[in-house]
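J.: Got a structure for you, my_file-v1.cif, holding mmCIF, N, CA and C atoms.
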data_my_file
loop_
_atom_site.label_atom_id
_atom_site.label_comp_id
_atom_site.auth_asym_id
_atom_site.auth_seq_id
_atom_site.Cartn_x
_atom_site.Cartn_y
_atom_site.Cartn_z
N MET A 1 -133.41 -116.10 -7.52
CA MET A 1 -134.76 -116.00 -6.97
C MET A 1 -134.68 -115.45 -5.54
N THR A 2 -135.52 -114.48 -5.24
CA THR A 2 -135.56 -113.96 -3.88
C THR A 2 -136.33 -114.92 -2.98
N ASP A 3 -136.19 -114.73 -1.68
CA ASP A 3 -136.92 -115.60 -0.76
C ASP A 3 -138.43 -115.45 -0.95
N LEU A 4 -138.91 -114.25 -1.24
CA LEU A 4 -140.34 -114.06 -1.46
C LEU A 4 -140.80 -114.81 -2.71
N GLN A 5 -140.01 -114.78 -3.76
CA GLN A 5 -140.37 -115.50 -4.99
C GLN A 5 -140.46 -117.00 -4.77
N SER A 6 -139.78 -117.51 -3.74
CA SER A 6 -139.86 -118.95 -3.46
C SER A 6 -141.29 -119.35 -3.07
N LEU A 7 -142.10 -118.39 -2.66
CA LEU A 7 -143.49 -118.67 -2.30
C LEU A 7 -144.41 -118.72 -3.51
N ASP A 8 -143.86 -118.48 -4.70
CA ASP A 8 -144.66 -118.53 -5.93
C ASP A 8 -145.33 -119.89 -6.09
N ARG A 9 -144.72 -120.92 -5.53
CA ARG A 9 -145.30 -122.27 -5.65
C ARG A 9 -146.62 -122.39 -4.90
N LEU A 10 -146.97 -121.42 -4.05
CA LEU A 10 -148.25 -121.42 -3.36
C LEU A 10 -149.38 -120.87 -4.23
N VAL A 11 -149.05 -120.14 -5.29
CA VAL A 11 -150.07 -119.47 -6.10
C VAL A 11 -151.04 -120.49 -6.68
N GLY A 12 -152.33 -120.22 -6.48
CA GLY A 12 -153.39 -121.10 -6.96
C GLY A 12 -154.43 -121.31 -5.87
N THR A 13 -155.39 -122.17 -6.14
CA THR A 13 -156.42 -122.51 -5.17
C THR A 13 -156.16 -123.93 -4.68
N TRP A 14 -156.24 -124.11 -3.38
CA TRP A 14 -155.89 -125.37 -2.72
C TRP A 14 -157.07 -125.88 -1.90
N GLN A 15 -157.29 -127.19 -1.96
CA GLN A 15 -158.26 -127.87 -1.10
C GLN A 15 -157.52 -128.26 0.17
N ILE A 16 -158.00 -127.82 1.32
CA ILE A 16 -157.37 -128.09 2.61
C ILE A 16 -158.12 -129.21 3.31
N SER A 17 -157.36 -130.15 3.91
CA SER A 17 -157.98 -131.20 4.70
C SER A 17 -157.12 -131.46 5.93
N GLY A 18 -157.71 -132.08 6.92
CA GLY A 18 -157.04 -132.33 8.19
C GLY A 18 -157.81 -131.66 9.30
N GLY A 19 -157.13 -130.91 10.15
CA GLY A 19 -157.78 -130.23 11.27
C GLY A 19 -158.67 -129.08 10.85
N ALA A 20 -158.53 -128.62 9.63
CA ALA A 20 -159.41 -127.60 9.04
C ALA A 20 -159.74 -128.08 7.63
N GLU A 21 -160.94 -127.78 7.16
CA GLU A 21 -161.39 -128.23 5.84
C GLU A 21 -161.89 -127.03 5.05
N GLY A 22 -161.55 -126.98 3.75
CA GLY A 22 -162.06 -125.91 2.90
C GLY A 22 -161.06 -125.56 1.81
N THR A 23 -161.04 -124.28 1.43
CA THR A 23 -160.12 -123.85 0.38
C THR A 23 -159.38 -122.59 0.80
N VAL A 24 -158.19 -122.46 0.24
CA VAL A 24 -157.43 -121.22 0.32
C VAL A 24 -156.93 -120.90 -1.08
N THR A 25 -156.82 -119.62 -1.38
CA THR A 25 -156.30 -119.17 -2.66
C THR A 25 -155.18 -118.17 -2.41
N TYR A 26 -154.05 -118.40 -3.06
CA TYR A 26 -152.92 -117.47 -3.01
C TYR A 26 -152.79 -116.80 -4.37
N GLU A 27 -152.59 -115.48 -4.36
CA GLU A 27 -152.36 -114.74 -5.60
C GLU A 27 -151.43 -113.57 -5.30
N TRP A 28 -150.67 -113.17 -6.32
CA TRP A 28 -149.76 -112.03 -6.16
C TRP A 28 -150.53 -110.73 -6.31
N MET A 29 -150.23 -109.79 -5.43
CA MET A 29 -150.72 -108.43 -5.59
C MET A 29 -149.91 -107.81 -6.73
N GLU A 30 -150.53 -106.94 -7.49
CA GLU A 30 -149.82 -106.27 -8.58
C GLU A 30 -148.52 -105.69 -8.05
N GLY A 31 -147.45 -105.84 -8.81
CA GLY A 31 -146.14 -105.38 -8.40
C GLY A 31 -145.26 -106.50 -7.87
N GLY A 32 -145.88 -107.58 -7.36
CA GLY A 32 -145.12 -108.74 -6.93
C GLY A 32 -144.46 -108.63 -5.58
N TYR A 33 -144.80 -107.61 -4.79
CA TYR A 33 -144.17 -107.46 -3.47
C TYR A 33 -144.93 -108.16 -2.36
N PHE A 34 -146.20 -108.51 -2.64
CA PHE A 34 -147.02 -109.14 -1.61
C PHE A 34 -147.83 -110.28 -2.20
N LEU A 35 -147.93 -111.35 -1.44
CA LEU A 35 -148.76 -112.50 -1.77
C LEU A 35 -150.01 -112.39 -0.90
N ILE A 36 -151.17 -112.56 -1.51
CA ILE A 36 -152.45 -112.45 -0.79
C ILE A 36 -153.05 -113.85 -0.68
N GLN A 37 -153.43 -114.23 0.53
CA GLN A 37 -154.12 -115.51 0.74
C GLN A 37 -155.56 -115.21 1.16
N ARG A 38 -156.51 -115.86 0.50
CA ARG A 38 -157.92 -115.77 0.88
C ARG A 38 -158.33 -117.13 1.44
N VAL A 39 -158.94 -117.11 2.62
CA VAL A 39 -159.21 -118.32 3.39
C VAL A 39 -160.72 -118.53 3.54
N GLN A 40 -161.18 -119.76 3.26
CA GLN A 40 -162.56 -120.18 3.54
C GLN A 40 -162.48 -121.61 4.08
N LEU A 41 -162.55 -121.73 5.40
CA LEU A 41 -162.39 -123.02 6.05
C LEU A 41 -163.49 -123.27 7.07
N MET A 42 -163.64 -124.53 7.44
CA MET A 42 -164.43 -124.94 8.60
C MET A 42 -163.45 -125.59 9.57
N GLN A 43 -163.47 -125.12 10.82
CA GLN A 43 -162.59 -125.70 11.83
C GLN A 43 -163.35 -125.76 13.15
N HIS A 44 -163.40 -126.95 13.74
CA HIS A 44 -164.13 -127.17 14.99
C HIS A 44 -165.59 -126.70 14.86
N GLY A 45 -166.21 -126.96 13.70
CA GLY A 45 -167.59 -126.61 13.47
C GLY A 45 -167.85 -125.13 13.24
N GLN A 46 -166.80 -124.34 13.10
CA GLN A 46 -166.94 -122.90 12.91
C GLN A 46 -166.39 -122.48 11.56
N GLU A 47 -167.13 -121.60 10.88
CA GLU A 47 -166.64 -121.08 9.61
C GLU A 47 -165.53 -120.06 9.87
N VAL A 48 -164.43 -120.21 9.11
CA VAL A 48 -163.30 -119.31 9.23
C VAL A 48 -163.08 -118.68 7.86
N LYS A 49 -163.25 -117.36 7.78
CA LYS A 49 -163.00 -116.62 6.54
C LYS A 49 -162.03 -115.50 6.85
N GLY A 50 -161.04 -115.36 5.99
CA GLY A 50 -160.07 -114.30 6.24
C GLY A 50 -159.21 -114.01 5.04
N ILE A 51 -158.33 -113.03 5.23
CA ILE A 51 -157.37 -112.63 4.21
C ILE A 51 -156.03 -112.42 4.90
N GLU A 52 -154.97 -112.80 4.20
CA GLU A 52 -153.62 -112.65 4.75
C GLU A 52 -152.76 -111.96 3.70
N ILE A 53 -151.97 -111.00 4.12
CA ILE A 53 -151.03 -110.29 3.25
C ILE A 53 -149.63 -110.72 3.68
N ILE A 54 -148.86 -111.27 2.73
CA ILE A 54 -147.56 -111.89 3.01
C ILE A 54 -146.48 -111.15 2.22
N GLY A 55 -145.42 -110.73 2.89
CA GLY A 55 -144.30 -110.07 2.20
C GLY A 55 -143.32 -109.52 3.22
N HIS A 56 -142.36 -108.77 2.73
CA HIS A 56 -141.38 -108.13 3.63
C HIS A 56 -141.97 -106.83 4.15
N LEU A 57 -141.87 -106.61 5.46
CA LEU A 57 -142.29 -105.34 6.02
C LEU A 57 -141.30 -104.27 5.58
N LYS A 58 -141.80 -103.08 5.28
CA LYS A 58 -140.92 -101.98 4.87
C LYS A 58 -141.51 -100.67 5.41
N PRO A 59 -141.27 -100.40 6.70
CA PRO A 59 -141.77 -99.15 7.28
C PRO A 59 -141.13 -97.93 6.61
N PHE A 60 -141.73 -96.77 6.81
CA PHE A 60 -141.22 -95.52 6.23
C PHE A 60 -139.72 -95.38 6.44
N GLY A 61 -138.99 -95.14 5.36
CA GLY A 61 -137.56 -94.84 5.43
C GLY A 61 -136.67 -95.99 5.85
N GLU A 62 -137.19 -97.20 5.91
CA GLU A 62 -136.38 -98.34 6.34
C GLU A 62 -136.21 -99.34 5.20
N GLU A 63 -135.24 -100.22 5.37
CA GLU A 63 -135.03 -101.31 4.43
C GLU A 63 -136.07 -102.39 4.69
N PRO A 64 -136.36 -103.24 3.68
CA PRO A 64 -137.30 -104.34 3.90
C PRO A 64 -136.82 -105.29 5.00
N SER A 65 -137.75 -105.87 5.73
CA SER A 65 -137.41 -106.82 6.79
C SER A 65 -136.69 -108.03 6.21
N HIS A 66 -135.85 -108.64 7.02
CA HIS A 66 -135.14 -109.85 6.59
C HIS A 66 -136.12 -111.00 6.40
N ASP A 67 -137.01 -111.19 7.36
CA ASP A 67 -137.98 -112.29 7.31
C ASP A 67 -139.18 -111.90 6.46
N ILE A 68 -139.84 -112.91 5.88
CA ILE A 68 -141.11 -112.72 5.18
C ILE A 68 -142.20 -112.79 6.26
N LYS A 69 -142.89 -111.68 6.45
CA LYS A 69 -143.88 -111.60 7.52
C LYS A 69 -145.27 -111.48 6.92
N SER A 70 -146.27 -111.76 7.74
CA SER A 70 -147.64 -111.61 7.28
C SER A 70 -148.53 -111.16 8.41
N ARG A 71 -149.67 -110.63 8.01
CA ARG A 71 -150.75 -110.33 8.96
C ARG A 71 -152.01 -110.92 8.37
N TYR A 72 -152.71 -111.69 9.19
CA TYR A 72 -153.96 -112.34 8.81
C TYR A 72 -155.09 -111.62 9.52
N TYR A 73 -156.19 -111.37 8.79
CA TYR A 73 -157.39 -110.73 9.33
C TYR A 73 -158.56 -111.65 9.04
N ASP A 74 -159.45 -111.87 10.04
CA ASP A 74 -160.60 -112.72 9.75
C ASP A 74 -161.91 -112.04 10.11
N THR A 75 -163.01 -112.70 9.75
CA THR A 75 -164.35 -112.13 9.93
C THR A 75 -164.81 -112.14 11.38
N MET A 76 -163.98 -112.70 12.28
CA MET A 76 -164.31 -112.69 13.71
C MET A 76 -163.52 -111.61 14.45
N GLY A 77 -162.76 -110.80 13.68
CA GLY A 77 -162.01 -109.70 14.27
C GLY A 77 -160.60 -110.06 14.71
N ASN A 78 -160.15 -111.28 14.44
CA ASN A 78 -158.80 -111.69 14.82
C ASN A 78 -157.76 -111.12 13.86
N THR A 79 -156.59 -110.82 14.39
CA THR A 79 -155.42 -110.50 13.57
C THR A 79 -154.28 -111.36 14.10
N PHE A 80 -153.67 -112.11 13.20
CA PHE A 80 -152.56 -112.99 13.58
C PHE A 80 -151.35 -112.66 12.72
N ASP A 81 -150.17 -112.68 13.33
CA ASP A 81 -148.92 -112.44 12.61
C ASP A 81 -148.19 -113.77 12.42
N TYR A 82 -147.55 -113.91 11.26
CA TYR A 82 -146.80 -115.11 10.93
C TYR A 82 -145.49 -114.74 10.25
N VAL A 83 -144.56 -115.68 10.22
CA VAL A 83 -143.34 -115.58 9.43
C VAL A 83 -143.30 -116.79 8.51
N TYR A 84 -143.12 -116.56 7.20
CA TYR A 84 -143.06 -117.62 6.20
C TYR A 84 -141.61 -117.91 5.86
N GLU A 85 -141.33 -119.19 5.65
CA GLU A 85 -139.97 -119.61 5.32
C GLU A 85 -140.04 -120.84 4.43
N MET A 86 -139.22 -120.85 3.37
CA MET A 86 -139.09 -122.05 2.52
C MET A 86 -137.69 -122.60 2.72
N GLU A 87 -137.60 -123.88 3.04
CA GLU A 87 -136.32 -124.59 3.12
C GLU A 87 -136.39 -125.73 2.12
N GLY A 88 -135.87 -125.53 0.92
CA GLY A 88 -135.99 -126.54 -0.13
C GLY A 88 -137.44 -126.72 -0.50
N ASP A 89 -137.97 -127.93 -0.30
CA ASP A 89 -139.38 -128.22 -0.61
C ASP A 89 -140.26 -128.18 0.64
N THR A 90 -139.75 -127.61 1.73
CA THR A 90 -140.50 -127.56 2.98
C THR A 90 -140.93 -126.13 3.29
N LEU A 91 -142.23 -125.97 3.50
CA LEU A 91 -142.81 -124.69 3.90
C LEU A 91 -142.94 -124.69 5.41
N ILE A 92 -142.45 -123.61 6.03
CA ILE A 92 -142.61 -123.43 7.47
C ILE A 92 -143.33 -122.10 7.68
N ILE A 93 -144.39 -122.13 8.47
CA ILE A 93 -145.13 -120.93 8.82
C ILE A 93 -145.08 -120.81 10.34
N TRP A 94 -144.33 -119.85 10.82
CA TRP A 94 -144.16 -119.63 12.26
C TRP A 94 -145.26 -118.70 12.75
N ALA A 95 -145.96 -119.02 13.82
CA ALA A 95 -146.94 -118.12 14.43
C ALA A 95 -146.19 -117.08 15.25
N GLY A 96 -146.45 -115.83 15.00
CA GLY A 96 -145.77 -114.75 15.73
C GLY A 96 -144.42 -114.46 15.12
N GLU A 97 -143.39 -115.06 15.67
CA GLU A 97 -142.01 -114.81 15.21
C GLU A 97 -141.32 -116.12 14.84
N LYS A 98 -140.30 -116.01 14.00
CA LYS A 98 -139.50 -117.17 13.61
C LYS A 98 -138.94 -117.84 14.86
N GLY A 99 -139.05 -119.17 14.91
CA GLY A 99 -138.58 -119.92 16.07
C GLY A 99 -139.66 -120.16 17.12
N SER A 100 -140.87 -119.68 16.87
CA SER A 100 -141.99 -119.86 17.80
C SER A 100 -142.26 -121.35 18.03
N ASN A 101 -142.88 -121.67 19.17
CA ASN A 101 -143.24 -123.07 19.43
C ASN A 101 -144.61 -123.42 18.83
N THR A 102 -145.20 -122.50 18.07
CA THR A 102 -146.41 -122.76 17.30
C THR A 102 -146.08 -122.54 15.83
N TYR A 103 -146.19 -123.60 15.02
CA TYR A 103 -145.78 -123.48 13.62
C TYR A 103 -146.40 -124.59 12.77
N PHE A 104 -146.42 -124.33 11.46
CA PHE A 104 -146.79 -125.35 10.48
C PHE A 104 -145.52 -125.73 9.73
N LYS A 105 -145.34 -127.01 9.48
CA LYS A 105 -144.22 -127.49 8.68
C LYS A 105 -144.76 -128.55 7.74
N GLY A 106 -144.63 -128.33 6.43
CA GLY A 106 -145.15 -129.27 5.46
C GLY A 106 -144.29 -129.32 4.21
N ALA A 107 -144.22 -130.49 3.61
CA ALA A 107 -143.38 -130.72 2.43
C ALA A 107 -144.24 -130.77 1.16
N PHE A 108 -143.72 -130.14 0.10
CA PHE A 108 -144.36 -130.20 -1.21
C PHE A 108 -144.00 -131.51 -1.90
N SER A 109 -144.95 -132.04 -2.65
CA SER A 109 -144.69 -133.22 -3.47
C SER A 109 -143.77 -132.83 -4.62
N SER A 110 -143.22 -133.82 -5.32
CA SER A 110 -142.29 -133.54 -6.42
C SER A 110 -142.95 -132.73 -7.54
N ASP A 111 -144.27 -132.90 -7.76
CA ASP A 111 -144.95 -132.12 -8.80
C ASP A 111 -145.45 -130.77 -8.28
N GLY A 112 -145.29 -130.51 -6.98
CA GLY A 112 -145.68 -129.23 -6.41
C GLY A 112 -147.17 -129.05 -6.17
N ASN A 113 -147.97 -130.09 -6.41
CA ASN A 113 -149.42 -129.95 -6.32
C ASN A 113 -150.03 -130.41 -5.00
N THR A 114 -149.20 -130.87 -4.08
CA THR A 114 -149.68 -131.18 -2.73
C THR A 114 -148.63 -130.71 -1.72
N ASN A 115 -149.10 -130.42 -0.53
CA ASN A 115 -148.22 -130.11 0.59
C ASN A 115 -148.83 -130.81 1.80
N THR A 116 -148.03 -131.63 2.47
CA THR A 116 -148.50 -132.41 3.60
C THR A 116 -147.62 -132.13 4.81
N GLY A 117 -148.27 -131.84 5.93
CA GLY A 117 -147.52 -131.56 7.15
C GLY A 117 -148.43 -131.46 8.34
N ALA A 118 -148.05 -130.62 9.30
CA ALA A 118 -148.83 -130.50 10.52
C ALA A 118 -148.57 -129.16 11.20
N TRP A 119 -149.59 -128.68 11.88
CA TRP A 119 -149.45 -127.57 12.81
C TRP A 119 -149.02 -128.15 14.15
N THR A 120 -148.05 -127.54 14.77
CA THR A 120 -147.55 -127.96 16.08
C THR A 120 -147.83 -126.84 17.07
N TYR A 121 -148.42 -127.20 18.21
CA TYR A 121 -148.73 -126.23 19.27
C TYR A 121 -147.94 -126.58 20.52
N PRO A 122 -147.75 -125.62 21.42
CA PRO A 122 -147.03 -125.92 22.68
C PRO A 122 -147.69 -127.05 23.44
N GLY A 123 -146.89 -127.83 24.12
CA GLY A 123 -147.41 -128.92 24.95
C GLY A 123 -147.86 -130.13 24.17
N GLY A 124 -147.42 -130.25 22.91
CA GLY A 124 -147.74 -131.44 22.14
C GLY A 124 -149.03 -131.37 21.35
N GLY A 125 -149.71 -130.23 21.34
CA GLY A 125 -150.95 -130.11 20.57
C GLY A 125 -150.67 -129.84 19.10
N GLY A 126 -151.75 -129.76 18.32
CA GLY A 126 -151.65 -129.47 16.90
C GLY A 126 -152.50 -130.42 16.10
N TYR A 127 -152.35 -130.37 14.79
CA TYR A 127 -153.13 -131.24 13.91
C TYR A 127 -152.45 -131.38 12.56
N GLU A 128 -152.72 -132.52 11.92
CA GLU A 128 -152.20 -132.75 10.57
C GLU A 128 -152.99 -131.91 9.58
N SER A 129 -152.31 -131.46 8.55
CA SER A 129 -152.96 -130.64 7.53
C SER A 129 -152.31 -130.93 6.18
N SER A 130 -153.16 -131.05 5.17
CA SER A 130 -152.62 -131.22 3.83
C SER A 130 -153.41 -130.33 2.88
N MET A 131 -152.76 -129.95 1.81
CA MET A 131 -153.43 -129.15 0.80
C MET A 131 -153.09 -129.70 -0.58
N ARG A 132 -154.11 -129.67 -1.44
CA ARG A 132 -153.98 -130.18 -2.81
C ARG A 132 -154.44 -129.09 -3.75
N ARG A 133 -153.59 -128.76 -4.72
CA ARG A 133 -153.93 -127.70 -5.67
C ARG A 133 -155.10 -128.15 -6.54
N ILE A 134 -156.16 -127.31 -6.60
CA ILE A 134 -157.32 -127.65 -7.42
C ILE A 134 -157.49 -126.67 -8.57
N ALA A 135 -156.76 -125.55 -8.55
CA ALA A 135 -156.81 -124.61 -9.67
C ALA A 135 -155.53 -123.79 -9.67
N ALA A 136 -154.99 -123.58 -10.85
CA ALA A 136 -153.80 -122.75 -10.99
C ALA A 136 -154.23 -121.31 -11.19
N VAL A 137 -153.42 -120.40 -10.70
CA VAL A 137 -153.60 -118.96 -10.92
C VAL A 137 -152.24 -118.48 -11.41
N GLY A 138 -152.22 -117.45 -12.22
CA GLY A 138 -150.95 -116.95 -12.77
C GLY A 138 -149.91 -116.70 -11.70
N GLY A 139 -148.67 -117.05 -12.01
CA GLY A 139 -147.57 -116.89 -11.07
C GLY A 139 -146.97 -115.51 -11.12
N MET A 140 -145.81 -115.37 -10.54
CA MET A 140 -145.12 -114.09 -10.41
C MET A 140 -144.86 -113.48 -11.79
N THR A 141 -145.07 -112.17 -11.91
CA THR A 141 -144.93 -111.51 -13.19
C THR A 141 -143.83 -110.47 -13.23
N ASN A 142 -143.20 -110.16 -12.11
CA ASN A 142 -142.21 -109.09 -12.13
C ASN A 142 -140.77 -109.60 -12.13
N GLY A 143 -140.59 -110.92 -12.46
CA GLY A 143 -139.26 -111.50 -12.61
C GLY A 143 -138.52 -111.51 -11.36
#
What does this structure look like when you write it as structure tokens?

T.:
Amino acid sequence: MTDLQSLDRLVGTWQISGGAEGTVTYEWMEGGYFLIQRVQLMQHGQEVKGIEIIGHLKPFGEEPSHDIKSRYYDTMGNTFDYVYEMEGDTLIIWAGEKGSNTYFKGAFSSDGNTNTGAWTYPGGGGYESSMRRIAAVGGMTNG
């Protein structure tokens, strides 16, 4: 299994609770090279809607990036970059670059239908966040 395929466990629709409330849906783009996340959340009384494309960067004539990177776009004009990493049953999402002091770290349950963790911000900030799968979507199809 490639490192990108390890994110197949995210595929589906999830109910988010904690510092943000709502749903996110992960699905594979045809070809299996990119995972797409669609976001509909409420955070601090504000609606947050966006889309994130997750995969290895592969600029013209270059090899794919070592890290799994993403770019998030939202309806307020924000663009955020992240690095995704799976360590066993733990999902880590680094803001900006791997090793950043802003990150999410959460563990999947044994059945894979919940992930519980927290966002950590510099200076001790952040919030707890959990997600519970509420609908399955087809998983990876390109083996």

J.: Would you write out, as a list of chain:residue names, every residue that the PyMOL selection byres ((chain A and resi 49-64) around 7) captures in this file?

T.: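 After applying the PyMOL selection byres ((chain A and resi 49-64) around 7), what remains is A:Leu4, A:Tyr33, A:Phe34, A:Leu35, A:Ile36, A:Gln37, A:Arg38, A:Val39, A:Gln40, A:Leu41, A:Glu47, A:Val48, A:Ser65, A:His66, A:Asp67, A:Ile68, A:Lys69, A:Ser70, A:Arg71, A:Tyr72, A:Tyr73, A:Asp74, A:Thr75, A:Met76.
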
J.: List the neighbours of A:Lys105 out to 9 Å using only C-alpha atoms; skip same-chain residues closer than 3 positions along the sequence, and give me the result as a list in words.

T.: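 Close residues of A:Lys105: Thr90, Leu91, Ile92, Ile93, Trp94, Thr116, Gly117, Ala118, Trp119 and Thr120 of chain A.
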
J.: Expressed in Å to a single decimal, how great is the separation between atom C of A:Glu21 and atom C of A:Gln46?

T.: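 That distance, rounded to one decimal, is 9.1 Å.
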
J.: Using only N, CA and C atoms, can you list as a list in words the residues within 6 Å of (-157.6, -133.6, 7.1)?

T.: Ile16, Ser17, Gly18, Gly19, Ala20, Glu128, Ser129 and Ser130 of chain A

J.: Could you state the separation of atom N of A:Asn101 and atom C of A:Asp89 in Å, given to one decimal place?

T.: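 Atom N of A:Asn101 sits 19.8 Å away from atom C of A:Asp89.
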
J.: Using all atoms listed in the file, determine which residues lie at most 6.5 Å from A:Ala135, disregarding the query and same-chain residues fewer than 4 positions distant; provide the list as a PDB file with N, CA and C atoms, in the coordinates of the input.

T.:
ATOM      1  N   VAL A  11    -149.050-120.140  -5.290  1.00  0.00           N
ATOM      2  CA  VAL A  11    -150.070-119.470  -6.100  1.00  0.00           C
ATOM      3  C   VAL A  11    -151.040-120.490  -6.680  1.00  0.00           C
ATOM      4  N   GLY A  12    -152.330-120.220  -6.480  1.00  0.00           N
ATOM      5  CA  GLY A  12    -153.390-121.100  -6.960  1.00  0.00           C
ATOM      6  C   GLY A  12    -154.430-121.310  -5.870  1.00  0.00           C
ATOM      7  N   THR A  13    -155.390-122.170  -6.140  1.00  0.00           N
ATOM      8  CA  THR A  13    -156.420-122.510  -5.170  1.00  0.00           C
ATOM      9  C   THR A  13    -156.160-123.930  -4.680  1.00  0.00           C
ATOM     10  N   TRP A  14    -156.240-124.110  -3.380  1.00  0.00           N
ATOM     11  CA  TRP A  14    -155.890-125.370  -2.720  1.00  0.00           C
ATOM     12  C   TRP A  14    -157.070-125.880  -1.900  1.00  0.00           C
TER      13      TRP A  14
END

J.: With DSSP run on the backbone, what are the strand (DSSP E) residues within chain A? I'd like them as number ranges by chain.

T.: A: 12-18, 21-28, 34-43, 46-55, 68-74, 79-87, 90-95, 103-108, 114-120, 126-135

J.: To one decimal in Å, tell me the separation between atom N of A:Val83 and atom CA of A:Glu97.

T.: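 Separation of atom N of A:Val83 and atom CA of A:Glu97: 5.7 Å.
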
J.: Write down as a list in words the residues of chain A whose backbone DSSP state falls under helix (DSSP H, G or I).

T.: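 Checking each residue of chain A, the helix (DSSP H, G or I) ones are Gln5, Ser6, Leu7, Asp8, Arg9, Leu10, Pro122, Gly123 and Gly124 of chain A.
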
J.: Find the residue from A:Gly88, A:Gly124, A:Met42, A:Ser6 that sits nearest to A:Phe108; use all atoms listed in the file when measuring.

T.: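 Of A:Gly88, A:Gly124, A:Met42, A:Ser6, the one nearest A:Phe108, counting all atoms listed in the file, is A:Gly88.
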
J.: Go through A:Tyr121, A:Tyr84, A:Tyr103, A:Tyr26 and flag the residue nearest A:Asp3, using only C-alpha atoms for the distances.

T.: A:Tyr84

J.: Taking only N, CA and C atoms into account, which of A:Met131, A:Glu30, A:Thr79, A:Gln43 comes nearest A:Thr114?

T.: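 Of A:Met131, A:Glu30, A:Thr79, A:Gln43, the one nearest A:Thr114, counting only N, CA and C atoms, is A:Met131.
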
J.: Quick one: residues within 9 Å of A:Leu10, only C-alpha atoms, excluding same-chain residues fewer than 5 positions away - as a ChimeraX atom specification?

T.: /A:25-27,112,133,139

J.: Which is closest to A:Pro122 among A:Ser100, A:Gly106, A:Thr2, A:Ala136, if we use only C-alpha atoms?

T.: A:Ser100
